[in-house]
file my_file-v2.cif (mmCIF, C-alpha atoms, pLDDT in the B column; chains and numbers go by the auth columns)
data_entry
#
loop_
_atom_site.group_PDB
_atom_site.id
_atom_site.type_symbol
_atom_site.label_atom_id
_atom_site.label_comp_id
_atom_site.label_asym_id
_atom_site.label_seq_id
_atom_site.Cartn_x
_atom_site.Cartn_y
_atom_site.Cartn_z
_atom_site.B_iso_or_equiv
_atom_site.auth_seq_id
_atom_site.auth_asym_id
ATOM 1 C CA MET A 1 -82.765 359.157 30.484 45.00 1028 A
ATOM 2 C CA THR A 2 -82.421 355.477 31.343 51.00 1029 A
ATOM 3 C CA ASP A 3 -85.596 353.769 32.552 70.00 1030 A
ATOM 4 C CA LEU A 4 -85.403 353.417 36.319 65.00 1031 A
ATOM 5 C CA THR A 5 -87.558 350.608 37.699 64.00 1032 A
ATOM 6 C CA LEU A 6 -86.760 350.657 41.421 62.00 1033 A
ATOM 7 C CA LEU A 7 -86.988 354.325 42.396 61.00 1034 A
ATOM 8 C CA GLY A 8 -90.499 355.059 43.604 60.00 1035 A
ATOM 9 C CA ALA A 9 -91.617 351.425 43.397 61.00 1036 A
ATOM 10 C CA ALA A 10 -94.390 350.780 45.912 66.00 1037 A
ATOM 11 C CA LYS A 11 -93.070 347.406 47.052 78.00 1038 A
ATOM 12 C CA THR A 12 -89.371 346.698 47.243 82.00 1039 A
ATOM 13 C CA GLU A 13 -88.216 343.145 46.727 84.00 1040 A
ATOM 14 C CA TYR A 14 -84.899 342.390 48.376 86.00 1041 A
ATOM 15 C CA PRO A 15 -82.509 340.008 46.630 86.00 1042 A
ATOM 16 C CA THR A 16 -81.634 336.801 48.448 86.00 1043 A
ATOM 17 C CA GLY A 17 -78.251 336.390 46.765 91.00 1044 A
ATOM 18 C CA TYR A 18 -75.568 338.377 44.981 94.00 1045 A
ATOM 19 C CA ALA A 19 -77.412 340.393 42.319 95.00 1046 A
ATOM 20 C CA PRO A 20 -75.320 342.720 40.116 96.00 1047 A
ATOM 21 C CA GLU A 21 -78.167 342.854 37.593 96.00 1048 A
ATOM 22 C CA ILE A 22 -80.181 344.982 40.038 96.00 1049 A
ATOM 23 C CA LEU A 23 -77.918 348.010 39.480 97.00 1050 A
ATOM 24 C CA GLU A 24 -79.468 350.830 37.453 97.00 1051 A
ATOM 25 C CA ALA A 25 -77.946 353.960 35.958 97.00 1052 A
ATOM 26 C CA PHE A 26 -79.173 357.271 34.650 97.00 1053 A
ATOM 27 C CA GLU A 27 -77.726 360.023 32.481 97.00 1054 A
ATOM 28 C CA ASN A 28 -75.150 362.423 33.916 98.00 1055 A
ATOM 29 C CA ARG A 29 -76.233 365.927 32.943 97.00 1056 A
ATOM 30 C CA HIS A 30 -72.733 367.323 33.549 97.00 1057 A
ATOM 31 C CA PRO A 31 -70.237 365.019 31.796 95.00 1058 A
ATOM 32 C CA ASP A 32 -68.145 368.082 30.876 96.00 1059 A
ATOM 33 C CA ILE A 33 -67.324 368.755 34.556 96.00 1060 A
ATOM 34 C CA ASP A 34 -65.131 366.554 36.724 97.00 1061 A
ATOM 35 C CA TYR A 35 -66.818 366.048 40.067 98.00 1062 A
ATOM 36 C CA MET A 36 -66.730 363.328 42.696 97.00 1063 A
ATOM 37 C CA VAL A 37 -69.759 361.321 43.756 98.00 1064 A
ATOM 38 C CA LYS A 38 -69.379 359.693 47.173 98.00 1065 A
ATOM 39 C CA PHE A 39 -71.461 356.970 48.762 98.00 1066 A
ATOM 40 C CA ASN A 40 -70.967 355.896 52.371 97.00 1067 A
ATOM 41 C CA CYS A 41 -72.672 352.601 53.107 97.00 1068 A
ATOM 42 C CA PRO A 42 -72.416 351.974 56.889 97.00 1069 A
ATOM 43 C CA GLU A 43 -74.493 348.796 57.037 96.00 1070 A
ATOM 44 C CA PHE A 44 -72.733 346.458 54.603 97.00 1071 A
ATOM 45 C CA THR A 45 -72.754 342.770 55.506 96.00 1072 A
ATOM 46 C CA SER A 46 -71.438 339.666 53.818 96.00 1073 A
ATOM 47 C CA LEU A 47 -70.587 336.156 54.960 95.00 1074 A
ATOM 48 C CA CYS A 48 -67.211 334.615 55.597 93.00 1075 A
ATOM 49 C CA PRO A 49 -66.873 331.923 52.902 94.00 1076 A
ATOM 50 C CA ILE A 50 -65.185 329.552 55.375 93.00 1077 A
ATOM 51 C CA THR A 51 -67.080 329.976 58.674 92.00 1078 A
ATOM 52 C CA ASN A 52 -70.336 331.384 57.263 93.00 1079 A
ATOM 53 C CA GLN A 53 -70.230 334.019 60.028 92.00 1080 A
ATOM 54 C CA PRO A 54 -71.377 337.530 59.149 94.00 1081 A
ATOM 55 C CA ASP A 55 -68.845 340.240 58.380 95.00 1082 A
ATOM 56 C CA PHE A 56 -69.804 343.888 58.874 97.00 1083 A
ATOM 57 C CA ALA A 57 -68.302 346.906 57.158 97.00 1084 A
ATOM 58 C CA ILE A 58 -68.651 350.476 56.066 98.00 1085 A
ATOM 59 C CA ILE A 59 -68.196 350.610 52.297 98.00 1086 A
ATOM 60 C CA PHE A 60 -67.008 353.890 50.800 98.00 1087 A
ATOM 61 C CA ILE A 61 -67.517 354.355 47.055 98.00 1088 A
ATOM 62 C CA ASN A 62 -66.087 357.404 45.271 97.00 1089 A
ATOM 63 C CA PHE A 63 -66.187 357.980 41.543 98.00 1090 A
ATOM 64 C CA ILE A 64 -65.830 360.628 38.872 98.00 1091 A
ATOM 65 C CA PRO A 65 -68.692 360.003 36.450 98.00 1092 A
ATOM 66 C CA ASP A 66 -68.603 360.238 32.714 98.00 1093 A
ATOM 67 C CA GLY A 67 -71.932 359.639 30.974 97.00 1094 A
ATOM 68 C CA LEU A 68 -73.809 357.754 33.710 98.00 1095 A
ATOM 69 C CA LEU A 69 -74.583 357.855 37.431 98.00 1096 A
ATOM 70 C CA VAL A 70 -75.731 354.964 39.592 98.00 1097 A
ATOM 71 C CA GLU A 71 -79.248 355.188 40.987 97.00 1098 A
ATOM 72 C CA SER A 72 -78.907 355.077 44.786 96.00 1099 A
ATOM 73 C CA LYS A 73 -81.804 352.724 45.582 95.00 1100 A
ATOM 74 C CA SER A 74 -80.465 350.154 43.139 96.00 1101 A
ATOM 75 C CA LEU A 75 -77.025 350.559 44.748 98.00 1102 A
ATOM 76 C CA LYS A 76 -78.547 349.984 48.187 96.00 1103 A
ATOM 77 C CA LEU A 77 -80.289 346.807 47.008 96.00 1104 A
ATOM 78 C CA TYR A 78 -77.131 345.647 45.237 97.00 1105 A
ATOM 79 C CA LEU A 79 -75.056 346.078 48.391 97.00 1106 A
ATOM 80 C CA PHE A 80 -77.800 344.316 50.364 96.00 1107 A
ATOM 81 C CA SER A 81 -77.425 341.372 47.975 96.00 1108 A
ATOM 82 C CA PHE A 82 -74.047 340.609 49.575 96.00 1109 A
ATOM 83 C CA ARG A 83 -75.826 339.806 52.866 95.00 1110 A
ATOM 84 C CA ASN A 84 -76.021 336.072 52.104 92.00 1111 A
ATOM 85 C CA HIS A 85 -73.001 336.032 49.805 93.00 1112 A
ATOM 86 C CA GLY A 86 -69.897 334.254 51.039 93.00 1113 A
ATOM 87 C CA ASP A 87 -66.722 336.059 50.041 95.00 1114 A
ATOM 88 C CA PHE A 88 -63.531 337.459 51.517 95.00 1115 A
ATOM 89 C CA HIS A 89 -63.352 341.194 52.257 96.00 1116 A
ATOM 90 C CA GLU A 90 -60.856 341.826 49.458 96.00 1117 A
ATOM 91 C CA ASN A 91 -63.077 340.080 46.922 97.00 1118 A
ATOM 92 C CA CYS A 92 -66.134 342.047 48.027 97.00 1119 A
ATOM 93 C CA VAL A 93 -64.553 345.457 47.389 98.00 1120 A
ATOM 94 C CA ASN A 94 -63.027 344.370 44.068 98.00 1121 A
ATOM 95 C CA THR A 95 -66.345 342.891 42.934 98.00 1122 A
ATOM 96 C CA ILE A 96 -68.167 346.113 43.816 98.00 1123 A
ATOM 97 C CA LEU A 97 -65.616 348.156 41.867 98.00 1124 A
ATOM 98 C CA LYS A 98 -65.791 345.886 38.816 98.00 1125 A
ATOM 99 C CA ASP A 99 -69.603 345.804 38.786 98.00 1126 A
ATOM 100 C CA LEU A 100 -69.878 349.593 39.048 98.00 1127 A
ATOM 101 C CA ARG A 101 -67.114 350.110 36.489 98.00 1128 A
ATOM 102 C CA SER A 102 -68.966 347.808 34.091 98.00 1129 A
ATOM 103 C CA LEU A 103 -72.270 349.630 34.631 98.00 1130 A
ATOM 104 C CA LEU A 104 -71.041 353.222 34.596 98.00 1131 A
ATOM 105 C CA SER A 105 -67.760 353.393 32.666 98.00 1132 A
ATOM 106 C CA PRO A 106 -66.617 356.156 35.023 98.00 1133 A
ATOM 107 C CA LYS A 107 -63.486 358.218 34.571 98.00 1134 A
ATOM 108 C CA PHE A 108 -62.275 357.123 38.024 98.00 1135 A
ATOM 109 C CA ILE A 109 -63.629 354.884 40.781 98.00 1136 A
ATOM 110 C CA GLU A 110 -62.457 353.640 44.172 97.00 1137 A
ATOM 111 C CA VAL A 111 -64.006 351.360 46.761 98.00 1138 A
ATOM 112 C CA HIS A 112 -62.792 351.111 50.335 97.00 1139 A
ATOM 113 C CA GLY A 113 -64.067 348.636 52.910 97.00 1140 A
ATOM 114 C CA LYS A 114 -63.681 349.302 56.635 97.00 1141 A
ATOM 115 C CA PHE A 115 -64.541 345.932 58.115 97.00 1142 A
ATOM 116 C CA THR A 116 -65.270 345.335 61.801 95.00 1143 A
ATOM 117 C CA PRO A 117 -62.352 343.575 63.480 94.00 1144 A
ATOM 118 C CA ARG A 118 -62.569 339.855 64.114 86.00 1145 A
ATOM 119 C CA GLY A 119 -60.022 338.099 66.263 85.00 1146 A
ATOM 120 C CA GLY A 120 -58.344 341.427 66.994 90.00 1147 A
ATOM 121 C CA ILE A 121 -57.587 342.231 63.324 92.00 1148 A
ATOM 122 C CA SER A 122 -59.330 344.685 61.056 91.00 1149 A
ATOM 123 C CA ILE A 123 -59.097 344.193 57.292 93.00 1150 A
ATOM 124 C CA ASP A 124 -59.634 347.376 55.291 95.00 1151 A
ATOM 125 C CA PRO A 125 -59.206 346.630 51.568 97.00 1152 A
ATOM 126 C CA HIS A 126 -59.031 349.493 49.088 96.00 1153 A
ATOM 127 C CA THR A 127 -59.166 349.234 45.329 96.00 1154 A
ATOM 128 C CA CYS A 128 -59.277 351.890 42.652 97.00 1155 A
ATOM 129 C CA TRP A 129 -59.226 352.267 38.886 98.00 1156 A
ATOM 130 C CA GLY A 130 -58.748 355.162 36.481 97.00 1157 A
ATOM 131 C CA ARG A 131 -59.371 355.227 32.758 97.00 1158 A
ATOM 132 C CA PRO A 132 -56.158 353.968 31.110 97.00 1159 A
ATOM 133 C CA GLY A 133 -53.960 356.505 29.371 96.00 1160 A
ATOM 134 C CA THR A 134 -55.580 359.496 31.108 96.00 1161 A
ATOM 135 C CA LYS A 135 -54.989 361.665 34.151 96.00 1162 A
ATOM 136 C CA TYR A 136 -57.580 359.470 35.923 97.00 1163 A
ATOM 137 C CA GLU A 137 -55.221 356.504 35.700 96.00 1164 A
ATOM 138 C CA GLU A 138 -52.586 358.659 37.391 95.00 1165 A
ATOM 139 C CA ILE A 139 -55.091 359.618 40.103 94.00 1166 A
ATOM 140 C CA ALA A 140 -55.856 355.936 40.721 95.00 1167 A
ATOM 141 C CA GLN A 141 -52.157 355.117 41.028 94.00 1168 A
ATOM 142 C CA TYR A 142 -51.674 358.013 43.450 94.00 1169 A
ATOM 143 C CA ARG A 143 -54.716 357.017 45.545 92.00 1170 A
ATOM 144 C CA LEU A 144 -53.588 353.400 45.675 89.00 1171 A
ATOM 145 C CA ARG A 145 -50.200 354.464 47.027 87.00 1172 A
ATOM 146 C CA GLY A 146 -51.990 356.385 49.788 77.00 1173 A
ATOM 147 C CA SER A 147 -54.560 353.679 50.564 64.00 1174 A
ATOM 148 C CA GLY A 148 -52.800 352.757 53.793 52.00 1175 A
ATOM 149 C CA SER A 149 -54.150 355.968 55.266 51.00 1176 A
ATOM 150 C CA ALA A 150 -56.853 355.619 57.905 47.00 1177 A
ATOM 151 C CA SER A 151 -58.461 358.870 56.726 46.00 1178 A
ATOM 152 C CA ILE A 152 -60.331 357.540 53.693 45.00 1179 A
#

call {"tool": "encode", "arguments": {"input": "my_file-v2.cif", "output": "structure tokens"}}
result
Amino acid sequence: MTDLTLLGAAKTEYPTGYAPEILEAFENRHPDIDYMVKFNCPEFTSLCPITNQPDFAIIFINFIPDGLLVESKSLKLYLFSFRNHGDFHENCVNTILKDLRSLLSPKFIEVHGKFTPRGGISIDPHTCWGRPGTKYEEIAQYRLRGSGSASI
């Protein structure tokens, strides 16, 4: 098992800036079974890189693990690290996907952001990735085609 440093820590220190290094993983005991892990993060905030105004979103993360799972407290702190980070909605969801893909090497992963409307427009970026040359790549392509759906 990977050493987890955040879970059960008596005092939690919150990052003041974007902090991908805070993510921690642990061993998946069932790598022989395909199953989906879903995280719904209803309190995501980041900053508009132009106006510096806060943007609010629900971030949905779904993945099929291989050898590792993300530890949920580290994920919470990682997502919190976007609070003072200036970036566009599309960049936020792609950054989250890339950071988790780098940490976990999952079979499949998707990240969807449902951002609160500003100026009468809601931006809901969706990105996904499946391991190249496998059925998971086909799943990612299928999911991306259906990402216009409001039911994610």

call {"tool": "closest_atom_pairs", "arguments": {"input": "my_file-v2.cif", "of": "region 1078-1175 of chain A", "to": "region 1067-1074 of chain A", "cutoff": "9 Å", "atoms": "only C-alpha atoms", "output": "CSV"}}
result
residue,atom,partner,partner_atom,distance
A:Thr1078,CA,A:Leu1074,CA,8.0
A:Asn1079,CA,A:Leu1074,CA,5.3
A:Gln1080,CA,A:Leu1074,CA,5.5
A:Pro1081,CA,A:Leu1074,CA,4.5
A:Asp1082,CA,A:Ser1073,CA,5.3
A:Phe1083,CA,A:Thr1072,CA,4.6
A:Ala1084,CA,A:Phe1071,CA,5.1
A:Ile1085,CA,A:Pro1069,CA,4.1
A:Ile1086,CA,A:Cys1068,CA,5.0
A:Phe1087,CA,A:Asn1067,CA,4.7
A:Ile1088,CA,A:Asn1067,CA,6.5
A:Asn1089,CA,A:Asn1067,CA,8.7
A:Lys1103,CA,A:Cys1068,CA,8.1
A:Leu1106,CA,A:Phe1071,CA,6.6
A:Phe1107,CA,A:Phe1071,CA,6.9
A:Ser1108,CA,A:Ser1073,CA,8.5
A:Phe1109,CA,A:Ser1073,CA,5.1
A:Arg1110,CA,A:Ser1073,CA,4.5
A:Asn1111,CA,A:Ser1073,CA,6.1
A:His1112,CA,A:Ser1073,CA,5.6
A:Gly1113,CA,A:Leu1074,CA,4.4
A:Asp1114,CA,A:Leu1074,CA,6.3
A:Phe1115,CA,A:Leu1074,CA,8.0
A:His1116,CA,A:Ser1073,CA,8.4
A:Cys1119,CA,A:Ser1073,CA,8.2
A:Phe1142,CA,A:Phe1071,CA,8.9

call {"tool": "write_last_selection", "arguments": {"input": "my_file-v2.cif", "atoms": "C-alpha atoms", "output": "PDB file, in the frame of the given file"}}
result
ATOM      1  CA  THR A1078     -67.080 329.976  58.674  1.00 92.00           C
ATOM      2  CA  ASN A1079     -70.336 331.384  57.263  1.00 93.00           C
ATOM      3  CA  GLN A1080     -70.230 334.019  60.028  1.00 92.00           C
ATOM      4  CA  PRO A1081     -71.377 337.530  59.149  1.00 94.00           C
ATOM      5  CA  ASP A1082     -68.845 340.240  58.380  1.00 95.00           C
ATOM      6  CA  PHE A1083     -69.804 343.888  58.874  1.00 97.00           C
ATOM      7  CA  ALA A1084     -68.302 346.906  57.158  1.00 97.00           C
ATOM      8  CA  ILE A1085     -68.651 350.476  56.066  1.00 98.00           C
ATOM      9  CA  ILE A1086     -68.196 350.610  52.297  1.00 98.00           C
ATOM     10  CA  PHE A1087     -67.008 353.890  50.800  1.00 98.00           C
ATOM     11  CA  ILE A1088     -67.517 354.355  47.055  1.00 98.00           C
ATOM     12  CA  ASN A1089     -66.087 357.404  45.271  1.00 97.00           C
ATOM     13  CA  LYS A1103     -78.547 349.984  48.187  1.00 96.00           C
ATOM     14  CA  LEU A1106     -75.056 346.078  48.391  1.00 97.00           C
ATOM     15  CA  PHE A1107     -77.800 344.316  50.364  1.00 96.00           C
ATOM     16  CA  SER A1108     -77.425 341.372  47.975  1.00 96.00           C
ATOM     17  CA  PHE A1109     -74.047 340.609  49.575  1.00 96.00           C
ATOM     18  CA  ARG A1110     -75.826 339.806  52.866  1.00 95.00           C
ATOM     19  CA  ASN A1111     -76.021 336.072  52.104  1.00 92.00           C
ATOM     20  CA  HIS A1112     -73.001 336.032  49.805  1.00 93.00           C
ATOM     21  CA  GLY A1113     -69.897 334.254  51.039  1.00 93.00           C
ATOM     22  CA  ASP A1114     -66.722 336.059  50.041  1.00 95.00           C
ATOM     23  CA  PHE A1115     -63.531 337.459  51.517  1.00 95.00           C
ATOM     24  CA  HIS A1116     -63.352 341.194  52.257  1.00 96.00           C
ATOM     25  CA  CYS A1119     -66.134 342.047  48.027  1.00 97.00           C
ATOM     26  CA  PHE A1142     -64.541 345.932  58.115  1.00 97.00           C
TER      27      PHE A1142
END

call {"tool": "closest_residue", "arguments": {"input": "my_file-v2.cif", "among": "A:Asp1151, A:Glu1164, A:Glu1098, A:Glu1117", "to": "Ile1136 (chain A)", "atoms": "only C-alpha atoms"}}
result
A:Glu1164

call {"tool": "atom_distance", "arguments": {"input": "my_file-v2.cif", "atom1": "CA of Trp1156 (chain A)", "atom2": "CA of Pro1042 (chain A)"}}
result
27.4 Å

call {"tool": "closest_residue", "arguments": {"input": "my_file-v2.cif", "among": "A:Asp1126, A:Cys1155, A:Gln1168, A:Asp1059", "to": "His1139 (chain A)", "atoms": "only C-alpha atoms"}}
result
A:Cys1155

call {"tool": "resolve_selection", "arguments": {"input": "my_file-v2.cif", "expression": "the PyMOL selection byres ((chain A and resi 1167) around 12)", "output": "mmCIF file with C-alpha atoms, keeping the file's coordinate frame"}}
result
data_model
loop_
_atom_site.group_PDB
_atom_site.id
_atom_site.type_symbol
_atom_site.label_atom_id
_atom_site.label_comp_id
_atom_site.auth_asym_id
_atom_site.auth_seq_id
_atom_site.Cartn_x
_atom_site.Cartn_y
_atom_site.Cartn_z
ATOM 1 C CA ASN A 1089 -66.087 357.404 45.271
ATOM 2 C CA PHE A 1090 -66.187 357.980 41.543
ATOM 3 C CA ILE A 1091 -65.830 360.628 38.872
ATOM 4 C CA LYS A 1134 -63.486 358.218 34.571
ATOM 5 C CA PHE A 1135 -62.275 357.123 38.024
ATOM 6 C CA ILE A 1136 -63.629 354.884 40.781
ATOM 7 C CA GLU A 1137 -62.457 353.640 44.172
ATOM 8 C CA VAL A 1138 -64.006 351.360 46.761
ATOM 9 C CA HIS A 1153 -59.031 349.493 49.088
ATOM 10 C CA THR A 1154 -59.166 349.234 45.329
ATOM 11 C CA CYS A 1155 -59.277 351.890 42.652
ATOM 12 C CA TRP A 1156 -59.226 352.267 38.886
ATOM 13 C CA GLY A 1157 -58.748 355.162 36.481
ATOM 14 C CA ARG A 1158 -59.371 355.227 32.758
ATOM 15 C CA PRO A 1159 -56.158 353.968 31.110
ATOM 16 C CA GLY A 1160 -53.960 356.505 29.371
ATOM 17 C CA THR A 1161 -55.580 359.496 31.108
ATOM 18 C CA LYS A 1162 -54.989 361.665 34.151
ATOM 19 C CA TYR A 1163 -57.580 359.470 35.923
ATOM 20 C CA GLU A 1164 -55.221 356.504 35.700
ATOM 21 C CA GLU A 1165 -52.586 358.659 37.391
ATOM 22 C CA ILE A 1166 -55.091 359.618 40.103
ATOM 23 C CA GLN A 1168 -52.157 355.117 41.028
ATOM 24 C CA TYR A 1169 -51.674 358.013 43.450
ATOM 25 C CA ARG A 1170 -54.716 357.017 45.545
ATOM 26 C CA LEU A 1171 -53.588 353.400 45.675
ATOM 27 C CA ARG A 1172 -50.200 354.464 47.027
ATOM 28 C CA GLY A 1173 -51.990 356.385 49.788
ATOM 29 C CA SER A 1174 -54.560 353.679 50.564
#

call {"tool": "atom_distance", "arguments": {"input": "my_file-v2.cif", "atom1": "CA of Asp1093 (chain A)", "atom2": "CA of Asp1061 (chain A)"}}
result
8.2 Å

call {"tool": "atom_distance", "arguments": {"input": "my_file-v2.cif", "atom1": "CA of Gly1094 (chain A)", "atom2": "CA of Ala1052 (chain A)"}}
result
9.7 Å

call {"tool": "resolve_selection", "arguments": {"input": "my_file-v2.cif", "expression": "the PyMOL selection byres ((chain A and resi 1104) around 10)", "output": "compact mmCIF listing (two decimals) with C-alpha atoms, in the coordinates of the input"}}
result
# COMPACT_ATOMS: atom_id res chain seq x y z
CA LEU A 1033 -86.76 350.66 41.42
CA THR A 1039 -89.37 346.70 47.24
CA GLU A 1040 -88.22 343.14 46.73
CA TYR A 1041 -84.90 342.39 48.38
CA PRO A 1042 -82.51 340.01 46.63
CA TYR A 1045 -75.57 338.38 44.98
CA ALA A 1046 -77.41 340.39 42.32
CA PRO A 1047 -75.32 342.72 40.12
CA ILE A 1049 -80.18 344.98 40.04
CA LEU A 1050 -77.92 348.01 39.48
CA SER A 1099 -78.91 355.08 44.79
CA LYS A 1100 -81.80 352.72 45.58
CA SER A 1101 -80.46 350.15 43.14
CA LEU A 1102 -77.03 350.56 44.75
CA LYS A 1103 -78.55 349.98 48.19
CA TYR A 1105 -77.13 345.65 45.24
CA LEU A 1106 -75.06 346.08 48.39
CA PHE A 1107 -77.80 344.32 50.36
CA SER A 1108 -77.42 341.37 47.98
CA PHE A 1109 -74.05 340.61 49.58

call {"tool": "residues_near_point", "arguments": {"input": "my_file-v2.cif", "point": "(-70.5, 352.1, 34.0)", "cutoff": "9 Å", "atoms": "all atoms listed in the file", "output": "number ranges by chain"}}
result
A: 1052, 1092-1097, 1126-1133

call {"tool": "closest_residue", "arguments": {"input": "my_file-v2.cif", "among": "A:Asn1118, A:Asn1055, A:Thr1043, A:Tyr1062", "to": "Pro1076 (chain A)", "atoms": "only C-alpha atoms"}}
result
A:Asn1118

call {"tool": "axis_aligned_box", "arguments": {"input": "my_file-v2.cif", "around": "region 1161-1173 of chain A", "padding_each_side": "5 Å", "output": "lines of an AutoDock Vina configuration file"}}
result
center_x = -53.9
center_y = 357.5
center_z = 40.4
size_x = 17.4
size_y = 18.3
size_z = 28.7

call {"tool": "closest_residue", "arguments": {"input": "my_file-v2.cif", "among": "A:Thr1122, A:Ser1149, A:Gly1140, A:Asp1030", "to": "Glu1054 (chain A)", "atoms": "only C-alpha atoms"}}
result
A:Asp1030

call {"tool": "build_atoms", "arguments": {"input": "my_file-v2.cif", "residues": "region 1060-1078 of chain A", "atoms": "N, CA and C atoms", "output": "compact mmCIF listing (two decimals), in the frame of the given file"}}
result
# COMPACT_ATOMS: atom_id res chain seq x y z
N ILE A 1060 -67.92 368.29 33.31
CA ILE A 1060 -67.32 368.76 34.56
C ILE A 1060 -66.85 367.55 35.35
N ASP A 1061 -65.61 367.60 35.81
CA ASP A 1061 -65.13 366.55 36.72
C ASP A 1061 -65.64 366.86 38.12
N TYR A 1062 -66.37 365.93 38.69
CA TYR A 1062 -66.82 366.05 40.07
C TYR A 1062 -66.88 364.65 40.67
N MET A 1063 -66.78 364.61 41.98
CA MET A 1063 -66.73 363.33 42.70
C MET A 1063 -68.10 363.04 43.29
N VAL A 1064 -68.55 361.81 43.11
CA VAL A 1064 -69.76 361.32 43.76
C VAL A 1064 -69.30 360.34 44.82
N LYS A 1065 -69.79 360.54 46.06
CA LYS A 1065 -69.38 359.69 47.17
C LYS A 1065 -70.59 359.02 47.79
N PHE A 1066 -70.45 357.73 48.02
CA PHE A 1066 -71.46 356.97 48.76
C PHE A 1066 -70.79 356.37 49.99
N ASN A 1067 -71.41 356.53 51.14
CA ASN A 1067 -70.97 355.90 52.37
C ASN A 1067 -72.06 354.92 52.77
N CYS A 1068 -71.70 353.66 52.86
CA CYS A 1068 -72.67 352.60 53.11
C CYS A 1068 -72.32 351.92 54.43
N PRO A 1069 -72.86 352.43 55.57
CA PRO A 1069 -72.42 351.97 56.89
C PRO A 1069 -73.00 350.64 57.36
N GLU A 1070 -73.85 350.03 56.57
CA GLU A 1070 -74.49 348.80 57.04
C GLU A 1070 -74.24 347.61 56.12
N PHE A 1071 -73.07 347.55 55.51
CA PHE A 1071 -72.73 346.46 54.60
C PHE A 1071 -72.49 345.18 55.40
N THR A 1072 -73.03 344.08 54.92
CA THR A 1072 -72.75 342.77 55.51
C THR A 1072 -72.54 341.76 54.40
N SER A 1073 -71.67 340.82 54.69
CA SER A 1073 -71.44 339.67 53.82
C SER A 1073 -71.15 338.49 54.74
N LEU A 1074 -70.89 337.34 54.16
CA LEU A 1074 -70.59 336.16 54.96
C LEU A 1074 -69.17 335.69 54.70
N CYS A 1075 -68.52 335.24 55.76
CA CYS A 1075 -67.21 334.62 55.60
C CYS A 1075 -67.41 333.32 54.80
N PRO A 1076 -66.66 333.12 53.72
CA PRO A 1076 -66.87 331.92 52.90
C PRO A 1076 -66.42 330.63 53.59
N ILE A 1077 -65.67 330.73 54.67
CA ILE A 1077 -65.18 329.55 55.38
C ILE A 1077 -66.07 329.22 56.57
N THR A 1078 -66.32 330.22 57.43
CA THR A 1078 -67.08 329.98 58.67
C THR A 1078 -68.57 330.25 58.53
